[in-house]
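What follows is the content of work-v8.cif (mmCIF, C-alpha atoms).
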data_query
#
loop_
_atom_site.group_PDB
_atom_site.id
_atom_site.type_symbol
_atom_site.label_atom_id
_atom_site.label_comp_id
_atom_site.auth_asym_id
_atom_site.auth_seq_id
_atom_site.Cartn_x
_atom_site.Cartn_y
_atom_site.Cartn_z
ATOM 1 C CA MET A 1 58.890 30.567 186.688
ATOM 2 C CA LYS A 2 57.312 31.839 189.914
ATOM 3 C CA THR A 3 57.130 30.032 193.251
ATOM 4 C CA LEU A 4 54.713 30.945 196.001
ATOM 5 C CA TYR A 5 55.132 29.685 199.554
ATOM 6 C CA LEU A 6 52.023 30.049 201.708
ATOM 7 C CA VAL A 7 52.012 29.662 205.490
ATOM 8 C CA ARG A 8 48.886 29.884 207.572
ATOM 9 C CA HIS A 9 49.637 31.484 210.937
ATOM 10 C CA ALA A 10 50.162 29.077 213.839
ATOM 11 C CA LYS A 11 47.662 28.385 216.624
ATOM 12 C CA ALA A 12 46.559 31.567 218.364
ATOM 13 C CA SER A 13 45.447 32.049 221.927
ATOM 14 C CA TRP A 14 41.876 32.995 222.766
ATOM 15 C CA LYS A 15 42.512 33.490 226.486
ATOM 16 C CA HIS A 16 43.543 37.135 226.167
ATOM 17 C CA ASP A 17 40.943 39.894 226.135
ATOM 18 C CA VAL A 18 42.235 41.567 222.969
ATOM 19 C CA GLU A 19 40.904 42.386 219.514
ATOM 20 C CA ASP A 20 41.327 39.652 216.902
ATOM 21 C CA HIS A 21 44.199 41.494 215.233
ATOM 22 C CA GLU A 22 46.138 41.484 218.529
ATOM 23 C CA ARG A 23 45.784 37.798 219.463
ATOM 24 C CA PRO A 24 49.189 36.201 220.205
ATOM 25 C CA LEU A 25 50.339 32.675 219.532
ATOM 26 C CA LYS A 26 49.661 30.087 222.167
ATOM 27 C CA LYS A 27 52.384 27.696 223.333
ATOM 28 C CA ARG A 28 51.402 25.073 220.739
ATOM 29 C CA GLY A 29 51.604 27.753 218.033
ATOM 30 C CA ARG A 30 55.147 28.637 219.013
ATOM 31 C CA LYS A 31 56.174 24.958 219.067
ATOM 32 C CA ASP A 32 54.543 24.293 215.684
ATOM 33 C CA SER A 33 56.182 27.387 214.174
ATOM 34 C CA ALA A 34 59.612 26.189 215.251
ATOM 35 C CA LEU A 35 58.917 22.626 214.069
ATOM 36 C CA VAL A 36 57.531 23.522 210.634
ATOM 37 C CA SER A 37 60.023 26.299 209.876
ATOM 38 C CA ASP A 38 62.920 23.951 210.717
ATOM 39 C CA GLU A 39 61.490 21.335 208.335
ATOM 40 C CA VAL A 40 60.725 23.840 205.581
ATOM 41 C CA LYS A 41 64.304 25.167 205.585
ATOM 42 C CA THR A 42 65.547 21.692 204.605
ATOM 43 C CA LYS A 43 63.092 21.400 201.692
ATOM 44 C CA ILE A 44 63.050 24.746 199.858
ATOM 45 C CA THR A 45 65.196 27.456 198.382
ATOM 46 C CA PRO A 46 64.558 30.457 200.638
ATOM 47 C CA PRO A 47 62.203 33.115 199.348
ATOM 48 C CA GLN A 48 63.581 36.386 198.083
ATOM 49 C CA LYS A 49 60.933 38.147 200.147
ATOM 50 C CA LEU A 50 58.789 37.130 203.133
ATOM 51 C CA ILE A 51 55.597 39.149 203.593
ATOM 52 C CA SER A 52 53.235 38.633 206.509
ATOM 53 C CA SER A 53 49.876 39.869 207.616
ATOM 54 C CA ASP A 54 50.422 42.499 210.283
ATOM 55 C CA ALA A 55 48.262 40.590 212.798
ATOM 56 C CA VAL A 56 50.269 39.666 215.904
ATOM 57 C CA ARG A 57 49.820 35.891 215.439
ATOM 58 C CA ALA A 58 50.833 35.990 211.765
ATOM 59 C CA LEU A 59 53.881 38.180 212.384
ATOM 60 C CA ALA A 60 55.002 35.927 215.241
ATOM 61 C CA THR A 61 54.707 32.888 212.949
ATOM 62 C CA ALA A 62 56.533 34.693 210.137
ATOM 63 C CA LYS A 63 59.439 35.528 212.433
ATOM 64 C CA TYR A 64 60.121 31.827 213.006
ATOM 65 C CA PHE A 65 60.366 31.336 209.224
ATOM 66 C CA LYS A 66 62.455 34.495 208.854
ATOM 67 C CA GLU A 67 64.975 33.151 211.348
ATOM 68 C CA ALA A 68 65.021 29.571 210.046
ATOM 69 C CA LEU A 69 65.410 30.690 206.419
ATOM 70 C CA GLU A 70 67.863 33.481 207.311
ATOM 71 C CA ILE A 71 65.790 36.185 205.626
ATOM 72 C CA PRO A 72 67.438 39.606 205.993
ATOM 73 C CA ASP A 73 65.390 42.413 207.554
ATOM 74 C CA ALA A 74 65.312 44.216 204.196
ATOM 75 C CA ASN A 75 63.439 41.266 202.660
ATOM 76 C CA PHE A 76 60.868 40.911 205.442
ATOM 77 C CA GLU A 77 57.748 43.013 205.782
ATOM 78 C CA ALA A 78 54.296 43.164 207.284
ATOM 79 C CA ASN A 79 51.337 44.259 205.199
ATOM 80 C CA HIS A 80 47.831 44.917 206.463
ATOM 81 C CA ILE A 81 46.339 43.803 203.124
ATOM 82 C CA LEU A 82 47.162 40.203 204.136
ATOM 83 C CA TYR A 83 44.913 40.516 207.200
ATOM 84 C CA ASP A 84 42.298 38.966 204.929
ATOM 85 C CA PHE A 85 39.979 36.053 205.599
ATOM 86 C CA ARG A 86 38.098 35.819 202.299
ATOM 87 C CA GLY A 87 41.080 35.823 199.944
ATOM 88 C CA ALA A 88 40.242 38.529 197.404
ATOM 89 C CA ASN A 89 42.729 41.043 198.840
ATOM 90 C CA THR A 90 45.399 38.367 199.152
ATOM 91 C CA MET A 91 44.896 37.286 195.529
ATOM 92 C CA ARG A 92 45.203 40.894 194.317
ATOM 93 C CA PHE A 93 48.321 41.254 196.456
ATOM 94 C CA ILE A 94 49.940 38.110 194.981
ATOM 95 C CA LYS A 95 49.147 39.178 191.428
ATOM 96 C CA SER A 96 50.694 42.590 192.073
ATOM 97 C CA LEU A 97 54.036 41.246 193.327
ATOM 98 C CA ASP A 98 57.170 42.641 191.692
ATOM 99 C CA ASP A 99 58.171 40.446 188.738
ATOM 100 C CA ASP A 100 61.822 40.702 189.815
ATOM 101 C CA LEU A 101 60.835 38.309 192.632
ATOM 102 C CA ASP A 102 60.673 34.639 191.653
ATOM 103 C CA ARG A 103 60.168 33.132 195.129
ATOM 104 C CA VAL A 104 57.889 34.775 197.680
ATOM 105 C CA MET A 105 56.541 33.543 201.031
ATOM 106 C CA ILE A 106 53.369 34.990 202.470
ATOM 107 C CA VAL A 107 51.979 34.364 205.938
ATOM 108 C CA GLY A 108 48.298 34.908 206.570
ATOM 109 C CA HIS A 109 44.910 33.593 207.522
ATOM 110 C CA ASN A 110 42.166 31.118 206.798
ATOM 111 C CA HIS A 111 39.724 30.765 205.088
ATOM 112 C CA ALA A 112 41.687 32.768 202.547
ATOM 113 C CA PHE A 113 44.735 30.517 202.488
ATOM 114 C CA THR A 114 42.892 27.208 202.095
ATOM 115 C CA SER A 115 40.882 28.760 199.251
ATOM 116 C CA ILE A 116 43.976 30.150 197.550
ATOM 117 C CA VAL A 117 45.905 26.878 197.840
ATOM 118 C CA ASN A 118 42.965 25.070 196.234
ATOM 119 C CA MET A 119 42.363 27.701 193.542
ATOM 120 C CA MET A 120 45.985 28.116 192.551
ATOM 121 C CA GLY A 121 47.375 24.645 193.177
ATOM 122 C CA ASP A 122 46.618 21.332 191.512
ATOM 123 C CA LYS A 123 46.117 19.333 194.718
ATOM 124 C CA TYR A 124 42.952 19.674 196.805
ATOM 125 C CA ILE A 125 43.561 20.337 200.488
ATOM 126 C CA GLU A 126 40.544 20.026 202.785
ATOM 127 C CA ASN A 127 41.998 22.570 205.198
ATOM 128 C CA LEU A 128 45.374 24.254 205.405
ATOM 129 C CA PRO A 129 45.909 23.758 209.136
ATOM 130 C CA THR A 130 47.413 26.279 211.503
ATOM 131 C CA CYS A 131 51.102 26.594 210.657
ATOM 132 C CA GLY A 132 50.460 24.604 207.479
ATOM 133 C CA PHE A 133 52.855 25.250 204.584
ATOM 134 C CA ALA A 134 52.241 24.890 200.845
ATOM 135 C CA LYS A 135 54.586 25.449 197.905
ATOM 136 C CA ILE A 136 53.050 26.162 194.516
ATOM 137 C CA LYS A 137 55.112 26.566 191.331
ATOM 138 C CA PHE A 138 53.822 28.486 188.319
ATOM 139 C CA ASP A 139 55.111 28.267 184.763
ATOM 140 C CA GLU A 140 54.773 32.042 184.288
ATOM 141 C CA ASP A 141 57.156 34.979 184.197
ATOM 142 C CA HIS A 142 54.703 37.528 185.597
ATOM 143 C CA TRP A 143 52.788 37.313 188.873
ATOM 144 C CA ALA A 144 49.824 39.000 187.185
ATOM 145 C CA ASP A 145 49.559 36.019 184.799
ATOM 146 C CA ILE A 146 49.524 33.202 187.347
ATOM 147 C CA VAL A 147 46.352 31.151 187.491
ATOM 148 C CA THR A 148 46.944 27.488 188.266
ATOM 149 C CA GLY A 149 50.248 26.004 189.237
ATOM 150 C CA GLU A 150 51.602 22.774 190.644
ATOM 151 C CA THR A 151 51.358 22.075 194.368
ATOM 152 C CA VAL A 152 54.789 20.539 194.855
ATOM 153 C CA LEU A 153 55.055 20.415 198.639
ATOM 154 C CA THR A 154 52.875 20.611 201.705
ATOM 155 C CA ILE A 155 54.083 20.399 205.288
ATOM 156 C CA PHE A 156 51.651 20.229 208.193
ATOM 157 C CA PRO A 157 52.597 20.185 211.885
ATOM 158 C CA ARG A 158 50.708 16.932 212.562
ATOM 159 C CA ASP A 159 52.895 15.118 210.010
ATOM 160 C CA LEU A 160 56.063 16.089 211.886
ATOM 161 C CA LYS A 161 54.958 14.934 215.332
ATOM 162 C CA LEU A 162 55.601 11.390 216.510
#

Please render this file's structure as structure tokens.
Amino acid sequence: MKTLYLVRHAKASWKHDVEDHERPLKKRGRKDSALVSDEVKTKITPPQKLISSDAVRALATAKYFKEALEIPDANFEANHILYDFRGANTMRFIKSLDDDLDRVMIVGHNHAFTSIVNMMGDKYIENLPTCGFAKIKFDEDHWADIVTGETVLTIFPRDLKL
């Protein structure tokens, strides 16, 4: 059994004159990251590994989840392959994960993540919002064999705000 946790990076700021890869989180993104990661930690078994896109906004989001889920440094990494908007590189990355890992969290970007959640899960999601979380379980022993699993949990920032 394999479990994939997907987190779309939180809201990024456009006010800085930087390349896309270097855009930081805006204040709302930081608040949403804290809010969602605190909720997620009460609902899941922590991943054995947390892997993030190396974009500044994705890494900043991932660090909130790393802290909330108490992921050791050795089980946290950034990977440029996840700086992917179409999803093909991310799908290849997921399917190449080490089979010793049963629970993995990845942090990345749209449109890739909405597409992947809809391709791999059994619940249609119109749009995985910024800082949106999805948990998909697969009845497979090998990451290379996963196709469609069960979307067992979604957490979106808007659902946590009063």

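Here the PyMOL selection byres ((chain A and resi 111) around 12) matches the residues Arg8, His9, Tyr83, Asp84, Phe85, Arg86, Gly87, Ala88, Thr90, Gly108, His109, Asn110, Ala112, Phe113, Thr114, Ser115, Ile116, Val117, Asn118, Glu126, Asn127, Leu128, Pro129 and Thr130 of chain A.
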
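Among the candidates A:Trp143, A:Phe133, A:Phe156, A:Phe93, the one nearest to A:Ala62 when counting all atoms listed in the file is A:Phe133.
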
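Picked out by the PyMOL selection byres ((chain A and resi 33) around 9) when it runs on this file: His9, Ala10, Lys11, Arg28, Gly29, Arg30, Lys31, Asp32, Ala34, Leu35, Val36, Ser37, Asp38, Ala60, Thr61, Ala62, Lys63, Tyr64, Phe65, Cys131 and Pro157 of chain A.
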
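Of note, atom CA of A:Met119 and atom CA of A:Ile81 are spaced 19.2 Å apart.
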
Subject >> Within 7 Å of file point (50.8, 43.3, 203.7), counting all atoms listed in the file, expressed as a ChimeraX atom specification >> reply: /A:51-54,78-82

Subject >> Explicit residue set for the PyMOL selection byres ((chain A and resi 71) around 12), as a PyMOL selection string >> reply: chain A and resi 41+45-51+62-70+72-77+104-105

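The shortest atom-to-atom distance to A:Ser13, with only C-alpha atoms taken into account, belongs to A:Val56 out of A:Met1, A:Val56, A:Ile44, A:Val147.
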
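The coordinates place atom CA of A:Phe138 at 12.1 Å from atom CA of A:Lys95.
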
Subject >> Long-range neighbours of A:Ala144 as number ranges by chain, 12 Å cut-off, only C-alpha atoms, 4 positions minimum in chain >> reply: A: 2, 91-99, 138, 140, 148

Subject >> Distance in Å - atom CA of A:Val107 versus atom CA of A:Asp17 >> reply: 23.7 Å

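Counting only C-alpha atoms, the residue from A:Arg23, A:Lys123, A:Arg103, A:Arg57 that sits nearest to A:Thr151 is A:Lys123.
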
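For the choices A:Ile125, A:His142, A:Thr3, A:Leu59, the atom-to-atom distance to A:Leu25 is smallest for A:Leu59 when using only C-alpha atoms.
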
Provide an axis-aligned box for all listed atoms of stretch 41-50 of chain A, padding each side by 4 Å; report its centre and its edge lengths in Å to one decimal, as AutoDock Vina command-line options.
--center_x 62.2 --center_y 29.8 --center_z 201.8 --size_x 14.8 --size_y 24.7 --size_z 15.5

How would stretch 7-22 of chain A look with N, CA and C atoms restored, written as a PDB file, in the coordinates of the input?
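So the final result, stored in part.pdb, reads:
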ATOM      1  N   VAL A   7      52.014  30.176 204.119  1.00  0.00           N
ATOM      2  CA  VAL A   7      52.012  29.662 205.490  1.00  0.00           C
ATOM      3  C   VAL A   7      50.814  30.264 206.216  1.00  0.00           C
ATOM      4  N   ARG A   8      49.963  29.393 206.719  1.00  0.00           N
ATOM      5  CA  ARG A   8      48.886  29.884 207.572  1.00  0.00           C
ATOM      6  C   ARG A   8      49.479  30.116 208.963  1.00  0.00           C
ATOM      7  N   HIS A   9      49.097  31.199 209.607  1.00  0.00           N
ATOM      8  CA  HIS A   9      49.637  31.484 210.937  1.00  0.00           C
ATOM      9  C   HIS A   9      49.403  30.293 211.873  1.00  0.00           C
ATOM     10  N   ALA A  10      50.250  30.167 212.862  1.00  0.00           N
ATOM     11  CA  ALA A  10      50.162  29.077 213.839  1.00  0.00           C
ATOM     12  C   ALA A  10      49.014  29.340 214.818  1.00  0.00           C
ATOM     13  N   LYS A  11      48.781  28.362 215.679  1.00  0.00           N
ATOM     14  CA  LYS A  11      47.662  28.385 216.624  1.00  0.00           C
ATOM     15  C   LYS A  11      47.734  29.609 217.537  1.00  0.00           C
ATOM     16  N   ALA A  12      46.634  30.350 217.558  1.00  0.00           N
ATOM     17  CA  ALA A  12      46.559  31.567 218.364  1.00  0.00           C
ATOM     18  C   ALA A  12      45.811  31.305 219.667  1.00  0.00           C
ATOM     19  N   SER A  13      46.086  32.148 220.625  1.00  0.00           N
ATOM     20  CA  SER A  13      45.447  32.049 221.927  1.00  0.00           C
ATOM     21  C   SER A  13      44.161  32.865 221.954  1.00  0.00           C
ATOM     22  N   TRP A  14      43.146  32.294 222.575  1.00  0.00           N
ATOM     23  CA  TRP A  14      41.876  32.995 222.766  1.00  0.00           C
ATOM     24  C   TRP A  14      41.705  33.453 224.209  1.00  0.00           C
ATOM     25  N   LYS A  15      42.700  33.195 225.060  1.00  0.00           N
ATOM     26  CA  LYS A  15      42.512  33.490 226.486  1.00  0.00           C
ATOM     27  C   LYS A  15      42.754  34.957 226.844  1.00  0.00           C
ATOM     28  N   HIS A  16      43.276  35.718 225.912  1.00  0.00           N
ATOM     29  CA  HIS A  16      43.543  37.135 226.167  1.00  0.00           C
ATOM     30  C   HIS A  16      42.351  37.975 225.731  1.00  0.00           C
ATOM     31  N   ASP A  17      42.049  39.004 226.461  1.00  0.00           N
ATOM     32  CA  ASP A  17      40.943  39.894 226.135  1.00  0.00           C
ATOM     33  C   ASP A  17      41.462  41.004 225.214  1.00  0.00           C
ATOM     34  N   VAL A  18      41.708  40.625 223.949  1.00  0.00           N
ATOM     35  CA  VAL A  18      42.235  41.567 222.969  1.00  0.00           C
ATOM     36  C   VAL A  18      41.431  41.449 221.674  1.00  0.00           C
ATOM     37  N   GLU A  19      41.532  42.443 220.830  1.00  0.00           N
ATOM     38  CA  GLU A  19      40.904  42.386 219.514  1.00  0.00           C
ATOM     39  C   GLU A  19      41.560  41.265 218.707  1.00  0.00           C
ATOM     40  N   ASP A  20      40.826  40.758 217.721  1.00  0.00           N
ATOM     41  CA  ASP A  20      41.327  39.652 216.902  1.00  0.00           C
ATOM     42  C   ASP A  20      42.718  39.936 216.345  1.00  0.00           C
ATOM     43  N   HIS A  21      42.926  41.127 215.853  1.00  0.00           N
ATOM     44  CA  HIS A  21      44.199  41.494 215.233  1.00  0.00           C
ATOM     45  C   HIS A  21      45.371  41.363 216.215  1.00  0.00           C
ATOM     46  N   GLU A  22      45.090  41.470 217.500  1.00  0.00           N
ATOM     47  CA  GLU A  22      46.138  41.484 218.529  1.00  0.00           C
ATOM     48  C   GLU A  22      46.360  40.129 219.206  1.00  0.00           C
TER      49      GLU A  22
END
